[in-house]
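Scroll down for the structure; my scribbles are underneath it.
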Amino acid sequence: MTEHPSPRLQAERWIERQLPRIVVLPLFALSLFFVYGFIAWTAYISMTPSGVMPVYDFQGLAQYERLWATPRWYVAILNLFVFSGLFIVIAMAIGILLAILLDQRVRAEGLIRTIYLYPMALSFIVTGTVWKWLLNPGLGLQRFMREVGFEDFTFDWLVNSDYAIYTLVLAAVWQSSGYAMALFLAGLRSVDDEILKAAAVDGASGWKTYTSIVLPILRPVFLSTVIILAHLAIKSFDLVIALTGGGPGYATDMPATFMYAFAFQRSELGVAAASATMMLMTITAIIVPYLYSELRRTNR
Amino acid sequence: MASGIRLEKLRKSFGATEVIKGIDMEIEPGEFVVLVGPSGCGKSTLLNLIAGLETATGGAIRIGGKLVNDVPPRDRDIAMVFQSYALYPTKTVRDNITFGMQTRRIPKDNQQAALEEFSQLLQIDHLLDRKPGQLSGGQRQRVAMGRALVRKPEVFLFDEPLSNLDAKLRISMRTEIKKLHQRLGKTIVYVTHDQIEAMTLATRIAVMDNGHIRQFAPPADIYENPVDLFVAGFMGSPPMNMLPGVLCRNGAALAVQPKGTGLRFPLPRPLADRVTLQDGDQVVLGLRPESIFAAETELPGENRFVFEEAVEVVEPTGPDTMIVFDIGGTEMIARVRPEDARPEGTRFRFEVDMTKAKLFTPDTGQAM
Amino acid sequence: MASGIRLEKLRKSFGATEVIKGIDMEIEPGEFVVLVGPSGCGKSTLLNLIAGLETATGGAIRIGGKLVNDVPPRDRDIAMVFQSYALYPTKTVRDNITFGMQTRRIPKDNQQAALEEFSQLLQIDHLLDRKPGQLSGGQRQRVAMGRALVRKPEVFLFDEPLSNLDAKLRISMRTEIKKLHQRLGKTIVYVTHDQIEAMTLATRIAVMDNGHIRQFAPPADIYENPVDLFVAGFMGSPPMNMLPGVLCRNGAALAVQPKGTGLRFPLPRPLADRVTLQDGDQVVLGLRPESIFAAETELPGENRFVFEEAVEVVEPTGPDTMIVFDIGGTEMIARVRPEDARPEGTRFRFEVDMTKAKLFTPDTGQAM
Amino acid sequence: MRQRRTSGIVQPKGLRSVLMRMGLFAVLGLFCLYYLLPLVVMVSTSLKSLAEIREGTLLSLPQAITFDAWAKAWDSACVGVRCDGLKPFMWNSIAMAVPAVILSTTLGAINGYALTKWRFPGADWIFALILFGAFIPFQVVLLPMARTLGQLGLAGTVPGLILVHTVYGLAFTTLFFRNFFVSVSDGILQAAKVDGAGFFGIFFRIVLPMSIPAIVVTVIWQFTQIWNDFLFGVAFTIGDSNPVTVALNNVVNTSTGVKEYNVDMAAAIIAALPTMLVYVVAGAYFVRGLSAGAVKG
Amino acid sequence: EGTVEVLHWWTSGGEAKAVGTLKDAFEAQGGTWVDSPIAGGGGDAAMTALRARVVAGNPPTAVQLKGPGIQEWAQQGALNDVQEVATAEHWDSVLPPALATIMKYDGNYVAAPVNIHRVDWLWANPEALAKAGVEDMPTTWEEFNAAADKLQAAGITPLGHGGQAWQDATLFEDVVLGVGGPDFYRKALVELDPEALASPTMVASFDQLRKLRGYVDPNFPGRDWNLATAMVMRGEAAFQIMGDWAKGEFLAAGKVPGEDFLCAPTPGNGFVLNSDSFTFFKVSGEDKLKGQQVLASLIMSPEFQKTFNLAKGSIPARTDVSLDDFDMCAQKSHEDLLKAVESDALVPSMAHEMAIPRSVRGEILDLVTEFFNSDMSSEDATERLSAAIMRAM
Ligand SMILES: Nc1ncnc2c1ncn2[C@@H]1O[C@H](COP(=O)(O)OP(=O)(O)OP(=O)(O)O)[C@@H](O)[C@H]1O
Ligand SMILES: Nc1ncnc2c1ncn2[C@@H]1O[C@H](COP(=O)(O)OP(=O)(O)OP(=O)(O)O)[C@@H](O)[C@H]1O
Ligand SMILES: [Mg+2]
Ligand SMILES: [Mg+2]
C-alpha cells in the first residue's frame, strides 16, 4: 500500500471531513443575508430621510435625534425592560415549577399539559379582547369579586397608567409559561434515570434532586428558554395592541409597537429604522455577554 | 448499631419477566454479604430493591427489623455504588462525592475531612476539580466508590465496585474495604464477579441463579461444600472439573469410573461412607483444577490417584500453568507449576488429590 | 491479510494535560496485543487514537503501513468494544449489533447469520428485542461485544470487554475470543485488568504507565523477566513481594539481607552471576507469592531458603490461601495450600524457592 | 416498550405524602384555572347570541346555548367580499405550515448536530450569529424581504412564505437542537463512527431517534409560530391564498362595523384547533428515558 | 372586461356587504374582481401589506386609501390617474371641493371617494337624559357640561368613551371645532399654523377636553368604541361622541333613531369630514388599466353611491344623490353637509387621517392621549403640541 491514497479518495475524504461545514455554511449564509444583511439595510435606512417608502439619500443621525426627542420612545424603552424582566423571570419560574410538578407521575399529564400549552395556540387578536374584559374593573375580576361580596376588592391595573404594564405581564405569562413548561419537561425527560436513582440514594429530597442535580443538567434548556422568552418579550406586539393598545395614553407602548407605528402608521420609516437599530444594539449589549458565558460553559 | 436486612419471599417482575423469584434471606447486622451469580441473574435488581430504587412486586424487605417496602430510598440510610456509576455529569468530582453529605446537612468541616480521607484512599485527590466526562473508566468507578464511602450509613450496597480497576489497585481497595468494614461494622451487600474478592471479603456468600438463591454460606463452605453442581461449577476459577461416571466397587473401596474410560478414581473414606447409591449408578465426580497436578511434584499423601493423558492445551497464567486434557470426552483442567508444564500433544502423568473430590447426583445436581 | 499497526512518537493532550507521551510501538499483523496498566494511564485514549476517535496531538499512526492520522474511523476498518459500552439507546439489541453491518450494506442474510452466530455465543439470543435500558450490566457488555464481533474488520479494539461478566462466562468468552483470533487471524488490541486474560490471550503484552510503554513483550517474558520494578509489581496477583535489603557475601555465595533483620536470602547461581554491585549495596529482592510456601510442603529442591515469621493475616481464596507476614517492616504475601494455613499470630515456617527470585536496583528500578 | 426506569423508586406513603400529593394537584389545578379562565370566557361567549352579549355582562354564562356562531365562523362569516368563513383558509395555512415546519425543523436539527457533535473551529461563533437572528424584529425585515422575494419571483406565493418562515425559524430550531445535543453522550457517536456510519448516517439513524423530546418542543414551537404568524402572511400572500390568521383577523377586526363577539370567539378557537391538535399529538412523545442504558459513567 | 385587485380592510358585517355591492356591480360589467381584504388597526395592517407589495413590485390595482396618504403615495410616483373618467363624468361638480382636493394630485384625480362619514356626532340615550332631567341635546359645550353635571348627579356616566388614541383624538377634534369654530380648526389642525396651535383658544380646547375627561367612567382605557355605544344603549352612559358608524351598532341592536337613541352634531357649526376612497396604483397591462377606469366610474356612479352607503351607514360622497331611503340621522348629515359646503364650515378630520400627514397626526394623537390619561395642564399640553408637530415636520 502506498503512502498517498488516490486523488479521488483524497477528495472524498476531504469532502467528508468538511461535511459539517458544508452543511452548516449554506444555512449560515442564509442567516447572514436575511438577518445581518437586513440589519445592515435597516441601519442604513435609519440614516436616510425615508418616509412612506425607503429612500437612499444619506442624511446622518437626524433620525436618531428625532427618536430621542420623542417622549414616547423613552416610555417604550423603559417598558421593554420592566416587561421583559418580569415576564422572563415569572414565565420561567412557572415553567420550571409546572414541569417539575408534572414530572411527578401525574395521571392526567397529557390533558394538563395540553391545558398549559393551549394559550400559545390562540391568537392574541381575540384573547386580547377576553383579557381586556377580564381585567377591566367594570367587567371582569373586580366586578366579580365585588358581586361575590368582597366590596373593597380592587384590581384596576388595566386602566391605571402606572400599572397597566403589569397586566401585559400577566397575559404574556399566561400565554407563554406553558411553553416554558414544555421546554423544561422535555429536558427533564431526557435526564438519565440512573442519575436520579443515585440522587435518591444520596438522600436528596425531590426538591433537592431537582435543584442540585437535574436543573444544572438542564442548563442548556435555560438558555433556550431565556432566548425564546426574550424573543417573545421583545416582539410582543399583538399582545400590546390587543390588550391595551399601548394605553392608557401610551403608557404601555413598547419598542415593537413603537416601531410598527412609525413604520407603517405614520410613514416614518427612518425613525422606525432608527428605533430598530437602537433596540438591536440594546439586545446585543445584553444578550451577547450571556451567550458568551453560556457557550463557554457548555464547551468546558 | 448496624442494621440487619431481612428479605421475605421477595419478588420483582419487569412487566411479564419475573426477575427475582421469591427470595428469603436473613443478613445479620454487620455482616459482609457477597452476592455472586451469572450475568443477568438479578443481582443488581436485588440491590435496587434493598435500596428502594425498585418497588417490590411481592414479599417484604426489612432493614433493622423495620418493614421498609414503602420507605423511600433516602430514609433507608443506605449508600450504594452503581454498576453504571451514575455520576452527576455537571458536578465536579468533589461535589459528586460530597453531595450525599450536603443533603444530610453534615457540617462543612466534616465533609471536608471525609472527602480528603477517601479521595486519598481512592487515589483521586488530584482529580477533585474535574467533571466525570474528563475521567477514565477506572477513575469514574473510584469516584462512584468515594460517593458511597464518605457517608456512614447503616447499610452499604456495592455493585461490582472494582470491576474497572487494575489488579494492584483492586487489591488495595479490597483491603481498604475490609478494614472499613471492620472499623465501622456496617452491614454490606456486595456484588462481584471476582472470585478472590468474594472469598476474601465475605462473611457469607450468596450464590444466585436466575432469581433464586442457591446457597448462602461462609466462603469456605461455598468452596468446600457446594450444595449442588451449579454452585460448585460457579465458584472457582477455573471452575471445578465435572466428570460424569458410574460408581463401582474397586475391591473394598468405592471408585468412580468415568464414562468410556478404564480409569477408576477411588473415593476416599469419608466421602465413600456418605454414598448411598448402588454400584453402577450414575454420578458426577467434581475435581477442582488445583487438586490435579503433575505426578510426583507434590509431597506424597493419602488418597492420591495417578493417571496419564495427552496434553491438549497449555495455558500459562503466570504463577501457575493450566493444562487442558480430556477424559472420556469431558474437558478437564489441571493446575500445574509453570516448570512442570509440557508441550501440547505430549502424554502427561497427572496426580489427583482425591481427598478434595466431590460427588454429585447427576439428575438433581445435589451434592452427596 | 491482517494489518499491522505502527505508532510513531504518538502524543495526545487534553488541554494542558498530556495523556499519551510519545509512544512507539509496532504491532505485527495478526498479533494479539494486550494493553495493561494502572487506571488512568491512557489505555482507552490509546485505543481511541488507533480508532480515529481522538485526533493525535503529535506523531503518526499507521495501519497496514498506511498513514491514517487523517483517515476517518469508518475507513480504518476497525471494530471496537467501548469500556463504557456506548450502546445506541433507542435501538434494540438486534439493531445495536447489526448496525455496523447495515451501514456497510452487508446483505441481510449474512447479517442474520452473523447475528445468530454471535448472539448465541454471547448468550444474548433471548434479549434481541430489548432496548439497552432493559438489560443488566453484563448483558449490556455482551451486546457491546457482539456489536464489535459480528463485523470482521482488519483490527479489533477491545476495551475491558469482559469486566462485568461472571468468572464462568468470562472464561468461555475468553476462549471464544482466542478461537476467533486463531480462526480469523486479525490484529487485536485488548485492554484488560484481568491478569489471566492478559497472560492467556496475548501474543505480547504492553505494560503502560502514565502515557508511556514500560515493556512490550510476550506474556511469559513480562512475568518472568520484568524489566523494572513497575512491571514486576504490576503483573501478578497478588503482586510480587518487594523486599529492600543489602547485598552481602554469605560465605562463597551472594545473599540479600533485608533491612533490619538477620535473615539472609541466598541468591542462586545464575542470578548471582549477573550482579555487578558491591557488597553492602542496596538492592530490592523480588519474590512472587507463589514462590513462598509452607516449609516442607513441596518436594525438596535446590536453592530453597527457610525462615520463620509470625502470621499476620490469613486470606483463603479458595484454591489457595494467602498468608501475610512481615519482614523488617515490609509486608509480604505467601501463597500456601489451604490445608497448610495457620491461624493469625502463630509462628510459621516459610520456604522460598530462590530460583525464581528477581533482583532490582532500588534507585533506577531496573532489573538485574 | 417505553417505560420509565425511575418509576420503580419507592415513594413515601402515609399522611404526609398524601398531603403532598394533594398539594401537588391543588397547584396543578390552580394553574389549570389560570390557563382555562380566558378559554371559558371565549367558549361561553361563542355560545351566546349577539343580543345576549349586548344585553348581559360579558362574562356571564350563556342563558341559551346556540352554535350559530360556530357555524358562521366556520363557513359563512364574511372575510371581505367572500362569505365562506374560515374554512377555505385553513387549507392555505396547512399547505404553508407543514412544509415550513418540516423544513425548518430538519435543517435546525442538522445544524445543531453539526455544530455540537462535529465541532469545527468557529462553530460557536456561527451558532451565536445564527442565534442572534432570533431577535431581529420582523417589522424590520418586511420591506427588504418583500424586495428579495420580488426579485426571486416568489412574491405573493406560498413557497415564498415557506422560505421566509424557514429562514427565520432556523435560529430557534438550531437553538433547541444544539442545546439538546450537547447533553448527548459523545460515546454513542464514537461507536457509530466505528460502526462505519458517516455524518448523515449517524444523524438520521442514531441521533434523531434519541432526540424525540427536542423534536417535540421544536415542532410545537415552529408550528405555533408559523401557524399563528400574521405579519408575513399579510405581507407576502394575496387574497385567496391568505393563511387562516389573516382571515381570522379579517373576521374579527372591524373598524367601523358591528362587532360580533360570539363569531370572533368561535373563529379564534377554530383557527387554533390544528395547533392544539399538534400539542396533543406531539405531546404524547414527552417520554422518559430515551438515553437509558446507553453508557456507563 | 377588466381586472381589479382591490386591497381594503372592510372585511366584516355591513362593511363587507358594502364592498360586496361594488364587487357585484363590477362583475356585472364583465370584470374580474380579486379581493384582498386585510383588516386590522383601521387599515394599518393593510398599509403594511401595501408597502410590501409595492416594494416587491407587485401592487394591487386599487387600494382603500384616504386623506393625505394619497398624496404621499402619489409623491412616490406609485399612482395612476383616472382623470379621463373624472373629466368625462364631471366629478368636480358633484364632490364637495374640500373632498375633491384630497382626491387629486397635480390636479388629476388619482382616487375616488365612496362615502362621507361625519365624525362630529353626539349620540344619546333619551331615557337616561330624561332621568337626569336633561331636556334638549346640547348645542354648546357649556350646555353639554351643564347636562353632564346633571347626569353625574343622577348617577349616570355622562360620556361613554373608549380610551384609545384615535377615540381620544376624535373627542379632541370635535372639541377644537366646538371651541374655536371651523376656521380655527382649519388653521390649527389642517394648516398646522404655529400661532393657532399656541393660541389661548387651543388652551381653552384642552380645558374643555379636561372637563370631558371628568365625565368619563374610570374603566374607559382600552375600551372598544362599540362597548361604549353599548353603554349608551343600556343607559349606563348618556352620551357618546363618535362618528356615524356608531349608528350601525344601534341599528343592529334593533334601536330606532329618534326614539331609542338620539343623534345630533357636537357643538360648533361645522362638519368634520371623513371619507373613504379607493386609490389607483400604478399597474401595467391593458386588462388592469381598463379595470381601473371601470372601477373609478363605477364608484362614482350615483346608484352605487346609494346602495353602498345604505349598506355602510354613511352618506354618499356625491352631493347630488337623493337620501330618501336613508334614516333620519343620515338625512341630517346630508343636510348639514350641504350647509357646511355652503358656509365653508366643512373641515377634514384630523383624527381620521383626512387632514394632515400621518406622521404629524401620530404626534398629535400621542400628545392628546397622554393629556387625556394624565393630569397634564392645558398650557403644557399646548406647548408640547407645537413641539410635537415641529418634530414631525
Ligand atoms: N476529556 C478529558 N479531559 C482531560 N483529561 C482527560 C480527558 N479524558 C481522559 N482524561 C485523562 O486522561 C487520562 C487517561 O485516560 P484513559 O481513559 O485513557 O485511561 P485508561 O488507561 O483507560 O484508564 P482506566 O483503566 O481507568 O479506564 C486519565 O488520567 C484521564 O483523567
Ligand atoms: N427494565 C427492565 N425490563 C425488563 N427486563 C429487565 C429490566 N431491567 C433488568 N431486566 C432483566 O432482569 C434481569 C436481571 O437484571 P440485573 O440487572 O439484576 O442482573 P445482574 O444480576 O445485575 O446482572 P449483571 O451481572 O450482568 O449486572 C436481566 O435478565 C435483565 O435483562
Ligand atoms: Mg448488575
Ligand atoms: Mg479506560
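Chain labels A, B, ... are given in the sequence in which chains occur in the C-alpha cells; within each chain residues are numbered consecutively from 1, and ligands are likewise numbered from 1 in the order shown.
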
Which residues are near ligand 1 in this structure, taking near to mean any atom at most 10 Å from a ligand atom and counting only C-alpha atoms and all ligand atoms? Format them as a compact mmCIF listing (two decimals) with N, CA, C and O atoms, in the first residue's frame.
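See selection.txt below for the written result:
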```
# COMPACT_ATOMS: atom_id res chain seq x y z
N ARG A 300 -16.98 23.56 28.07
CA ARG A 300 -15.98 23.35 29.12
C ARG A 300 -14.69 24.07 28.86
O ARG A 300 -14.14 24.10 27.81
N ILE B 124 -7.78 9.62 44.05
CA ILE B 124 -8.41 10.55 43.11
C ILE B 124 -8.29 11.98 43.60
O ILE B 124 -9.00 12.86 43.13
N HIS B 126 -6.17 14.16 43.05
CA HIS B 126 -5.74 15.14 42.06
C HIS B 126 -6.83 15.40 41.02
O HIS B 126 -6.66 16.21 40.12
N LEU B 127 -7.95 14.71 41.14
CA LEU B 127 -9.00 14.85 40.12
C LEU B 127 -10.22 15.60 40.64
O LEU B 127 -11.22 15.72 39.94
N ARG B 130 -12.26 17.96 38.44
CA ARG B 130 -12.70 17.58 37.10
C ARG B 130 -14.17 17.20 37.10
O ARG B 130 -14.75 16.88 38.12
N LYS B 131 -14.73 17.19 35.90
CA LYS B 131 -16.08 16.67 35.72
C LYS B 131 -15.95 15.20 35.31
O LYS B 131 -14.94 14.80 34.73
N PRO B 132 -16.97 14.41 35.54
CA PRO B 132 -16.89 12.98 35.19
C PRO B 132 -16.48 12.73 33.75
O PRO B 132 -15.77 11.77 33.47
N GLY B 133 -16.91 13.60 32.84
CA GLY B 133 -16.56 13.41 31.43
C GLY B 133 -15.07 13.43 31.14
O GLY B 133 -14.64 13.00 30.10
N GLN B 134 -14.31 13.95 32.09
CA GLN B 134 -12.86 14.05 31.86
C GLN B 134 -12.09 12.96 32.56
O GLN B 134 -10.89 13.09 32.78
N LEU B 135 -12.80 11.92 33.00
CA LEU B 135 -12.13 10.87 33.74
C LEU B 135 -12.05 9.59 32.94
O LEU B 135 -12.87 9.35 32.06
N SER B 136 -11.10 8.75 33.28
CA SER B 136 -11.04 7.42 32.67
C SER B 136 -12.05 6.53 33.37
O SER B 136 -12.61 6.88 34.41
N GLY B 137 -12.30 5.37 32.78
CA GLY B 137 -13.30 4.46 33.33
C GLY B 137 -13.04 4.11 34.79
O GLY B 137 -13.94 4.18 35.64
N GLY B 138 -11.81 3.75 35.08
CA GLY B 138 -11.48 3.36 36.44
C GLY B 138 -11.59 4.53 37.40
O GLY B 138 -12.00 4.37 38.56
N GLN B 139 -11.25 5.71 36.91
CA GLN B 139 -11.36 6.89 37.77
C GLN B 139 -12.81 7.17 38.10
O GLN B 139 -13.17 7.48 39.23
N ARG B 140 -13.68 7.00 37.12
CA ARG B 140 -15.10 7.20 37.38
C ARG B 140 -15.58 6.21 38.42
O ARG B 140 -16.33 6.56 39.33
N GLN B 141 -15.13 4.99 38.27
CA GLN B 141 -15.59 3.98 39.22
C GLN B 141 -15.12 4.33 40.63
O GLN B 141 -15.87 4.16 41.60
N ARG B 142 -13.95 4.87 40.72
CA ARG B 142 -13.46 5.22 42.05
C ARG B 142 -14.25 6.40 42.63
O ARG B 142 -14.50 6.46 43.83
N SER B 163 -14.69 -3.43 39.31
CA SER B 163 -14.50 -4.18 38.08
C SER B 163 -13.60 -3.49 37.07
O SER B 163 -13.02 -4.15 36.23
N ASN B 164 -13.51 -2.18 37.12
CA ASN B 164 -12.69 -1.49 36.12
C ASN B 164 -11.33 -1.04 36.64
O ASN B 164 -10.69 -0.20 36.04
N LEU B 165 -10.91 -1.62 37.77
CA LEU B 165 -9.62 -1.22 38.32
C LEU B 165 -8.57 -2.27 38.02
O LEU B 165 -8.87 -3.46 37.85
N ASP B 166 -7.33 -1.82 37.97
CA ASP B 166 -6.26 -2.77 37.73
C ASP B 166 -6.01 -3.60 38.98
O ASP B 166 -6.41 -3.22 40.08
N LYS C 12 -0.79 12.64 22.77
CA LYS C 12 -2.14 13.18 22.87
C LYS C 12 -2.29 13.99 24.15
O LYS C 12 -1.92 13.53 25.23
N SER C 13 -2.78 15.19 24.01
CA SER C 13 -3.04 16.02 25.19
C SER C 13 -4.51 16.41 25.22
O SER C 13 -5.12 16.64 24.18
N PHE C 14 -5.06 16.47 26.40
CA PHE C 14 -6.36 17.11 26.59
C PHE C 14 -6.08 18.46 27.23
O PHE C 14 -5.74 18.51 28.41
N GLY C 15 -6.21 19.51 26.46
CA GLY C 15 -5.85 20.81 27.02
C GLY C 15 -4.40 20.76 27.47
O GLY C 15 -3.51 20.45 26.68
N ALA C 16 -4.19 21.04 28.73
CA ALA C 16 -2.82 21.12 29.21
C ALA C 16 -2.28 19.76 29.66
O ALA C 16 -1.07 19.57 29.76
N THR C 17 -3.18 18.82 29.91
CA THR C 17 -2.71 17.51 30.41
C THR C 17 -2.28 16.61 29.27
O THR C 17 -3.07 16.30 28.38
N GLU C 18 -1.05 16.18 29.32
CA GLU C 18 -0.58 15.24 28.31
C GLU C 18 -0.90 13.83 28.80
O GLU C 18 -0.55 13.45 29.92
N VAL C 19 -1.56 13.08 27.99
CA VAL C 19 -2.04 11.77 28.42
C VAL C 19 -1.24 10.65 27.76
O VAL C 19 -0.92 9.66 28.38
N ILE C 20 -0.93 10.84 26.49
CA ILE C 20 -0.06 9.89 25.79
C ILE C 20 1.22 10.65 25.47
O ILE C 20 1.19 11.69 24.82
N LEU C 35 -3.06 -4.63 26.33
CA LEU C 35 -2.56 -3.43 27.00
C LEU C 35 -2.94 -3.52 28.46
O LEU C 35 -4.12 -3.69 28.78
N VAL C 36 -1.98 -3.42 29.33
CA VAL C 36 -2.32 -3.33 30.75
C VAL C 36 -1.64 -2.10 31.32
O VAL C 36 -0.71 -1.56 30.74
N GLY C 37 -2.15 -1.68 32.45
CA GLY C 37 -1.57 -0.50 33.09
C GLY C 37 -2.54 0.03 34.11
O GLY C 37 -3.73 -0.29 34.08
N PRO C 38 -2.03 0.85 35.00
CA PRO C 38 -2.89 1.34 36.07
C PRO C 38 -4.05 2.16 35.51
O PRO C 38 -3.97 2.70 34.40
N SER C 39 -5.09 2.26 36.28
CA SER C 39 -6.24 3.05 35.88
C SER C 39 -5.82 4.49 35.61
O SER C 39 -5.13 5.11 36.40
N GLY C 40 -6.25 5.00 34.47
CA GLY C 40 -5.93 6.38 34.12
C GLY C 40 -4.61 6.55 33.42
O GLY C 40 -4.18 7.67 33.17
N CYS C 41 -3.95 5.46 33.02
CA CYS C 41 -2.63 5.62 32.42
C CYS C 41 -2.71 5.95 30.94
O CYS C 41 -1.71 6.26 30.32
N GLY C 42 -3.91 5.84 30.34
CA GLY C 42 -4.03 6.24 28.94
C GLY C 42 -4.38 5.11 27.99
O GLY C 42 -4.29 5.27 26.77
N LYS C 43 -4.84 4.00 28.50
CA LYS C 43 -5.13 2.85 27.64
C LYS C 43 -6.30 3.16 26.70
O LYS C 43 -6.22 2.96 25.49
N SER C 44 -7.39 3.63 27.29
CA SER C 44 -8.55 3.92 26.44
C SER C 44 -8.21 5.00 25.43
O SER C 44 -8.64 4.95 24.28
N THR C 45 -7.46 5.98 25.87
CA THR C 45 -7.07 7.05 24.96
C THR C 45 -6.28 6.49 23.79
O THR C 45 -6.50 6.87 22.63
N LEU C 46 -5.40 5.56 24.07
CA LEU C 46 -4.60 4.96 23.01
C LEU C 46 -5.50 4.23 22.01
O LEU C 46 -5.35 4.37 20.80
N LEU C 47 -6.46 3.48 22.53
CA LEU C 47 -7.39 2.79 21.62
C LEU C 47 -8.16 3.81 20.78
O LEU C 47 -8.34 3.63 19.57
N ASN C 48 -8.61 4.88 21.43
CA ASN C 48 -9.34 5.91 20.70
C ASN C 48 -8.50 6.50 19.58
O ASN C 48 -9.01 6.82 18.51
N LEU C 49 -7.22 6.66 19.86
CA LEU C 49 -6.33 7.21 18.84
C LEU C 49 -6.23 6.26 17.66
O LEU C 49 -6.29 6.66 16.50
N GLN C 83 -15.28 0.74 26.65
CA GLN C 83 -15.32 0.50 28.09
C GLN C 83 -16.67 0.92 28.65
O GLN C 83 -17.22 0.29 29.54
N SER C 84 -17.23 1.99 28.10
CA SER C 84 -18.50 2.48 28.62
C SER C 84 -19.67 1.94 27.82
O SER C 84 -20.76 2.49 27.89
N ASP C 159 -11.89 -2.74 24.78
CA ASP C 159 -11.56 -2.00 26.00
C ASP C 159 -12.27 -2.64 27.18
O ASP C 159 -13.45 -2.38 27.43
N GLU C 160 -11.57 -3.46 27.90
CA GLU C 160 -12.11 -4.18 29.05
C GLU C 160 -13.46 -4.82 28.73
O GLU C 160 -14.47 -4.52 29.36
N VAL C 191 -7.60 -4.27 25.98
CA VAL C 191 -7.27 -3.73 27.30
C VAL C 191 -7.94 -4.59 28.35
O VAL C 191 -9.12 -4.92 28.22
N THR C 192 -7.21 -4.98 29.36
CA THR C 192 -7.85 -5.73 30.44
C THR C 192 -7.11 -5.50 31.74
O THR C 192 -5.94 -5.12 31.75
N HIS C 193 -7.84 -5.68 32.82
CA HIS C 193 -7.20 -5.64 34.13
C HIS C 193 -7.09 -7.03 34.70
O HIS C 193 -6.66 -7.22 35.83
N MET C 208 1.64 -0.36 30.24
CA MET C 208 1.67 1.09 30.13
C MET C 208 1.73 1.72 31.50
O MET C 208 1.19 1.19 32.47
N ASP C 209 2.36 2.87 31.56
CA ASP C 209 2.35 3.62 32.80
C ASP C 209 2.39 5.08 32.46
O ASP C 209 3.33 5.53 31.79
N ASN C 210 1.35 5.79 32.85
CA ASN C 210 1.39 7.23 32.75
C ASN C 210 1.77 7.73 31.36
O ASN C 210 2.62 8.60 31.20
N GLY C 211 1.16 7.14 30.35
CA GLY C 211 1.38 7.63 29.00
C GLY C 211 2.60 7.07 28.29
O GLY C 211 2.88 7.44 27.16
```

Next item on the list: Return as an NGL selection string the full set of residues in range 85-299 of chain B whose backbone-based DSSP assignment is helix (DSSP H, G or I).
Entry: :B and (93-103 or 108-121 or 125-127 or 132-134 or 137-149 or 167-184 or 195-201 or 219-224 or 229-234 or 269-274 or 289-291)

Note to self: When you count only C-alpha atoms, which of these residues is closest to chain A: E:Met231, E:Ala246, E:Leu298, E:Leu212?
What the structure shows: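 Looking at the shortest contact to chain A, the residue is E:Met231.
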
Note to self: For a quick test of understanding: name the residues of chain D lying within 7 Å of chain E when counting only C-alpha atoms, and present them as a list in words.
What the structure shows: Arg54, Cys78, Val79, Gly80, Val81, Leu142, Leu143, Ala146, Arg147, Leu149, Gly150, Ala155, Val234, Ala235, Ile238, Gly239, Val246, Asn249, Asn250, Val251, Asn253, Thr254, Ser255, Thr256, Gly257 and Val258 of chain D

Go ahead and save the picked residues with N, CA and C atoms, as a compact mmCIF listing (two decimals), in the first residue's frame.
```
# COMPACT_ATOMS: atom_id res chain seq x y z
N ARG D 54 -74.90 41.73 24.05
CA ARG D 54 -75.10 43.16 24.18
C ARG D 54 -75.83 43.50 25.48
N CYS D 78 -68.16 36.62 6.90
CA CYS D 78 -67.58 37.31 5.77
C CYS D 78 -66.13 37.64 6.04
N VAL D 79 -65.32 37.31 5.06
CA VAL D 79 -63.92 37.69 5.08
C VAL D 79 -63.75 38.50 3.82
N GLY D 80 -63.97 39.81 3.96
CA GLY D 80 -64.03 40.61 2.75
C GLY D 80 -65.32 40.28 2.02
N VAL D 81 -65.25 40.29 0.70
CA VAL D 81 -66.49 40.08 -0.04
C VAL D 81 -66.91 38.62 -0.04
N LEU D 142 -39.48 43.25 6.91
CA LEU D 142 -40.60 43.15 5.99
C LEU D 142 -40.27 43.70 4.60
N LEU D 143 -39.78 44.93 4.56
CA LEU D 143 -39.57 45.54 3.26
C LEU D 143 -38.42 44.91 2.49
N ALA D 146 -39.60 41.69 1.22
CA ALA D 146 -40.53 41.81 0.10
C ALA D 146 -39.74 42.02 -1.18
N ARG D 147 -38.73 42.84 -1.06
CA ARG D 147 -37.87 43.15 -2.21
C ARG D 147 -37.20 41.86 -2.71
N LEU D 149 -38.03 38.73 -2.15
CA LEU D 149 -39.00 37.80 -2.72
C LEU D 149 -39.41 38.24 -4.11
N GLY D 150 -39.60 39.55 -4.27
CA GLY D 150 -39.96 40.07 -5.57
C GLY D 150 -38.91 39.71 -6.60
N ALA D 155 -42.73 36.56 -4.79
CA ALA D 155 -43.64 37.46 -4.10
C ALA D 155 -45.06 36.94 -4.20
N VAL D 234 -49.77 38.41 5.94
CA VAL D 234 -50.42 39.57 5.35
C VAL D 234 -49.56 40.17 4.25
N ALA D 235 -48.28 40.22 4.51
CA ALA D 235 -47.43 40.95 3.58
C ALA D 235 -47.09 40.14 2.35
N ILE D 238 -51.59 36.91 -1.14
CA ILE D 238 -52.63 37.76 -1.72
C ILE D 238 -53.98 37.07 -1.63
N GLY D 239 -54.93 37.80 -1.11
CA GLY D 239 -56.33 37.41 -1.17
C GLY D 239 -56.62 35.98 -0.79
N VAL D 246 -54.87 35.54 8.81
CA VAL D 246 -55.29 36.77 8.15
C VAL D 246 -56.81 36.77 8.04
N ASN D 249 -58.26 37.46 11.39
CA ASN D 249 -58.12 38.88 11.63
C ASN D 249 -59.19 39.66 10.87
N ASN D 250 -59.47 39.23 9.67
CA ASN D 250 -60.47 39.93 8.88
C ASN D 250 -61.87 39.74 9.44
N VAL D 251 -62.10 38.56 10.01
CA VAL D 251 -63.41 38.33 10.61
C VAL D 251 -63.55 39.20 11.85
N ASN D 253 -61.58 41.82 13.07
CA ASN D 253 -61.29 43.25 13.11
C ASN D 253 -62.21 44.02 12.20
N THR D 254 -63.05 44.77 12.84
CA THR D 254 -63.85 45.64 12.02
C THR D 254 -63.59 47.02 12.54
N SER D 255 -63.36 47.95 11.64
CA SER D 255 -63.02 49.28 12.14
C SER D 255 -64.28 50.03 12.50
N THR D 256 -65.23 50.06 11.59
CA THR D 256 -66.41 50.85 11.86
C THR D 256 -67.68 50.03 11.75
N GLY D 257 -67.48 48.69 11.75
CA GLY D 257 -68.66 47.83 11.62
C GLY D 257 -69.11 47.30 12.97
N VAL D 258 -70.13 46.46 12.90
CA VAL D 258 -70.69 45.88 14.11
C VAL D 258 -69.82 44.71 14.56
```

Next item on the list: Considering only C-alpha atoms, extract the chain D residues located within 9 Å of chain C and return them as number ranges by chain.
Entry: D: 1, 5, 185-198, 201, 206, 209-210, 289-297
